[in-house]
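Undergrad: The structure follows.
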Amino acid sequence: MGVCDSELADSWALYQRLREQTPLVQCITNYVAMNMTANVLLAAGASPAMVHSDAETGEFAALASALSINMGTPSPQWAEGMRTAITGARGAGVPWVLDPVAHAATAYRRGLVAELLAL
């Protein structure tokens, strides 16, 4: 089953719009994926910001175009940054997405992902 011309045209139009807008994407991600995530966003035309400290995540998320959270290497400090970022994003109407990496592996991860999804 192939992709029809109208789907390709729609995809291209969305991509062009992304490149014109250069959205600021706040990323809370793990050390393994951080560099690749930044490079993929740059290649797509976005502006990545790797901001994870709870001292600034909420305020920064309110300024961003989107928030991406990857739970790859959660720590209590980064988890607090995730909570604060989600609260800031939601308060400003900024969309956010959660990548629940290995969410079922440990009780800590299960609890954290449940808490983040509740936000």
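Please note that chains go A, B, ... in the order of the structure tokens, that every chain numbers its residues from 1, and that ligands are numbered from 1 in the order shown.
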Excluding stretch 66-74 of chain A and residues on its chain fewer than 6 positions from it, collect all residues at most 9 Å away from it, counting only C-alpha atoms, and give them as a list in words.
TA: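 Listing them by chain and then by number gives Pro23, Leu24, Val25, Gln26, Cys27, Ile28, Thr29, Asn30, Tyr31, Val32, Ala33, Met82, Ala85, Ile86, Ala89, Val94, Pro95, Trp96, Val97, Leu98, Asp99, Pro100, Val101, Ala102, His103, Tyr108, Arg109, Leu112 and Val113 of chain A.
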Undergrad: Could you take the residues named above and write them with C-alpha atoms, as an mmCIF file, in the first residue's frame?
TA:
```
data_model
loop_
_atom_site.group_PDB
_atom_site.id
_atom_site.type_symbol
_atom_site.label_atom_id
_atom_site.label_comp_id
_atom_site.auth_asym_id
_atom_site.auth_seq_id
_atom_site.Cartn_x
_atom_site.Cartn_y
_atom_site.Cartn_z
ATOM 1 C CA PRO A 23 9.910 25.991 17.181
ATOM 2 C CA LEU A 24 11.734 26.004 20.498
ATOM 3 C CA VAL A 25 11.535 22.469 21.919
ATOM 4 C CA GLN A 26 12.459 21.938 25.550
ATOM 5 C CA CYS A 27 13.887 18.464 26.071
ATOM 6 C CA ILE A 28 14.313 16.629 29.321
ATOM 7 C CA THR A 29 16.067 13.523 28.122
ATOM 8 C CA ASN A 30 18.721 11.056 29.153
ATOM 9 C CA TYR A 31 22.437 11.460 28.580
ATOM 10 C CA VAL A 32 22.491 8.702 25.968
ATOM 11 C CA ALA A 33 19.856 10.350 23.765
ATOM 12 C CA MET A 82 9.900 16.932 34.784
ATOM 13 C CA ALA A 85 8.142 21.510 33.371
ATOM 14 C CA ILE A 86 4.811 19.772 32.834
ATOM 15 C CA ALA A 89 3.759 23.783 29.970
ATOM 16 C CA VAL A 94 2.255 24.270 25.563
ATOM 17 C CA PRO A 95 1.910 20.704 24.247
ATOM 18 C CA TRP A 96 4.074 18.032 25.854
ATOM 19 C CA VAL A 97 4.929 14.424 25.160
ATOM 20 C CA LEU A 98 6.281 11.673 27.406
ATOM 21 C CA ASP A 99 8.580 8.884 26.238
ATOM 22 C CA PRO A 100 8.208 6.348 29.084
ATOM 23 C CA VAL A 101 11.480 4.489 28.470
ATOM 24 C CA ALA A 102 11.554 1.212 30.438
ATOM 25 C CA HIS A 103 8.632 2.483 32.517
ATOM 26 C CA TYR A 108 10.393 3.844 40.898
ATOM 27 C CA ARG A 109 9.807 4.124 37.143
ATOM 28 C CA LEU A 112 7.057 8.184 38.199
ATOM 29 C CA VAL A 113 5.355 7.478 34.892
#
```
Undergrad: Which residue out of A:Met34, A:Ala9, A:Ala118, A:Leu14 has the minimum interatomic distance to A:His52 when only C-alpha atoms are used?
TA: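 The answer is A:Met34, which sits nearest to A:His52.
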Undergrad: Compare A:Ala92, A:Leu18, A:Leu119, A:Leu63 by their minimum atom-to-atom distance to A:Gly45, counting only C-alpha atoms, and give me the closest one.
TA: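 Of all the options, A:Leu18 lies closest to A:Gly45.
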Undergrad: I'd like the contact shell of A:Glu80 - 6 Å cut-off, only C-alpha atoms, skipping same-chain residues fewer than 3 positions apart - returned as a list in words.
TA: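 Within the cut-off, the hits are Asp54, Gln77 and Arg83 of chain A.
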Undergrad: Could you dump the residues just selected with N, CA and C atoms as a JSON list (two decimals), in the first residue's frame?
TA:
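So the final result, stored in result_33.json, reads:
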```json
[["chain", "number", "residue", "atom", "x", "y", "z"],
["A", 54, "ASP", "N", 14.93, 21.73, 37.91],
["A", 54, "ASP", "CA", 13.64, 22.23, 38.37],
["A", 54, "ASP", "C", 13.67, 23.72, 38.72],
["A", 77, "GLN", "N", 16.15, 14.34, 41.17],
["A", 77, "GLN", "CA", 16.30, 15.73, 40.75],
["A", 77, "GLN", "C", 15.69, 15.97, 39.37],
["A", 83, "ARG", "N", 8.29, 17.25, 36.57],
["A", 83, "ARG", "CA", 7.02, 17.70, 37.15],
["A", 83, "ARG", "C", 6.83, 19.21, 36.97]]
```
Undergrad: Quick one: of A:Ala46, A:Val40, A:Cys4, A:Val51, who's nearest to A:Gln21, counting only C-alpha atoms?
TA: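 Using only C-alpha atoms, the shortest distance to A:Gln21 belongs to A:Ala46.
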Undergrad: What lies within 12 Å of A:Ala43 using only C-alpha atoms, ignoring chain neighbours under 6 positions off, as a PDB file with all heavy atoms, in the first residue's frame?
TA:
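That gives us out07.pdb:
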```pdb
ATOM      1  N   TYR A  15       6.098  20.045   7.084  1.00  0.00           N
ATOM      2  CA  TYR A  15       7.544  20.170   7.272  1.00  0.00           C
ATOM      3  C   TYR A  15       8.006  21.594   6.945  1.00  0.00           C
ATOM      4  O   TYR A  15       8.804  22.181   7.682  1.00  0.00           O
ATOM      5  CB  TYR A  15       8.274  19.146   6.408  1.00  0.00           C
ATOM      6  CG  TYR A  15       9.771  19.264   6.473  1.00  0.00           C
ATOM      7  CD1 TYR A  15      10.458  18.964   7.648  1.00  0.00           C
ATOM      8  CD2 TYR A  15      10.496  19.684   5.372  1.00  0.00           C
ATOM      9  CE1 TYR A  15      11.837  19.082   7.716  1.00  0.00           C
ATOM     10  CE2 TYR A  15      11.881  19.798   5.427  1.00  0.00           C
ATOM     11  CZ  TYR A  15      12.538  19.501   6.594  1.00  0.00           C
ATOM     12  OH  TYR A  15      13.900  19.627   6.659  1.00  0.00           O
ATOM     13  N   LEU A  18       7.085  23.873   9.756  1.00  0.00           N
ATOM     14  CA  LEU A  18       7.994  23.680  10.885  1.00  0.00           C
ATOM     15  C   LEU A  18       9.285  24.449  10.651  1.00  0.00           C
ATOM     16  O   LEU A  18       9.769  25.155  11.535  1.00  0.00           O
ATOM     17  CB  LEU A  18       8.290  22.192  11.085  1.00  0.00           C
ATOM     18  CG  LEU A  18       9.244  21.876  12.225  1.00  0.00           C
ATOM     19  CD1 LEU A  18       8.716  20.705  13.032  1.00  0.00           C
ATOM     20  CD2 LEU A  18      10.624  21.578  11.719  1.00  0.00           C
ATOM     21  N   ARG A  19       9.847  24.343   9.469  1.00  0.00           N
ATOM     22  CA  ARG A  19      11.114  25.014   9.161  1.00  0.00           C
ATOM     23  C   ARG A  19      10.963  26.539   9.200  1.00  0.00           C
ATOM     24  O   ARG A  19      11.891  27.237   9.584  1.00  0.00           O
ATOM     25  CB  ARG A  19      11.643  24.565   7.809  1.00  0.00           C
ATOM     26  CG  ARG A  19      11.903  23.071   7.830  1.00  0.00           C
ATOM     27  CD  ARG A  19      13.090  22.528   7.194  1.00  0.00           C
ATOM     28  NE  ARG A  19      14.251  23.299   6.993  1.00  0.00           N
ATOM     29  CZ  ARG A  19      15.425  23.028   7.560  1.00  0.00           C
ATOM     30  NH1 ARG A  19      15.535  22.045   8.421  1.00  0.00           N
ATOM     31  NH2 ARG A  19      16.489  23.724   7.262  1.00  0.00           N
ATOM     32  N   THR A  22      10.596  27.526  13.176  1.00  0.00           N
ATOM     33  CA  THR A  22      11.724  27.185  14.052  1.00  0.00           C
ATOM     34  C   THR A  22      11.277  27.074  15.511  1.00  0.00           C
ATOM     35  O   THR A  22      11.669  27.876  16.363  1.00  0.00           O
ATOM     36  CB  THR A  22      12.862  28.219  13.930  1.00  0.00           C
ATOM     37  OG1 THR A  22      13.100  28.517  12.571  1.00  0.00           O
ATOM     38  CG2 THR A  22      14.136  27.707  14.558  1.00  0.00           C
ATOM     39  N   MET A  36      21.787  13.120  20.251  1.00  0.00           N
ATOM     40  CA  MET A  36      21.033  12.719  19.060  1.00  0.00           C
ATOM     41  C   MET A  36      19.711  13.482  18.965  1.00  0.00           C
ATOM     42  O   MET A  36      19.324  13.929  17.885  1.00  0.00           O
ATOM     43  CB  MET A  36      20.767  11.220  19.064  1.00  0.00           C
ATOM     44  CG  MET A  36      20.059  10.747  17.802  1.00  0.00           C
ATOM     45  SD  MET A  36      19.773   8.975  17.758  1.00  0.00           S
ATOM     46  CE  MET A  36      21.442   8.373  17.725  1.00  0.00           C
ATOM     47  N   THR A  37      19.042  13.637  20.084  1.00  0.00           N
ATOM     48  CA  THR A  37      17.778  14.378  20.092  1.00  0.00           C
ATOM     49  C   THR A  37      17.992  15.815  19.629  1.00  0.00           C
ATOM     50  O   THR A  37      17.235  16.332  18.800  1.00  0.00           O
ATOM     51  CB  THR A  37      17.164  14.360  21.507  1.00  0.00           C
ATOM     52  OG1 THR A  37      16.933  13.003  21.889  1.00  0.00           O
ATOM     53  CG2 THR A  37      15.870  15.139  21.565  1.00  0.00           C
TER      54      THR A  37
END
```
Undergrad: Pull the strand (DSSP E or B) assignments for stretch 10-99 of chain A out of DSSP run on the backbone, and list those residues as a VMD selection string.
TA: chain A and resid 24 to 28 47 to 49 66 to 70 96 to 99
Undergrad: Taking only C-alpha atoms into account, name the residue in A:Ser6, A:Ser65, A:Asn39, A:Thr106 that is nearest to A:Arg90.
TA: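 Checking each candidate against A:Arg90, we get A:Ser65 as the closest.
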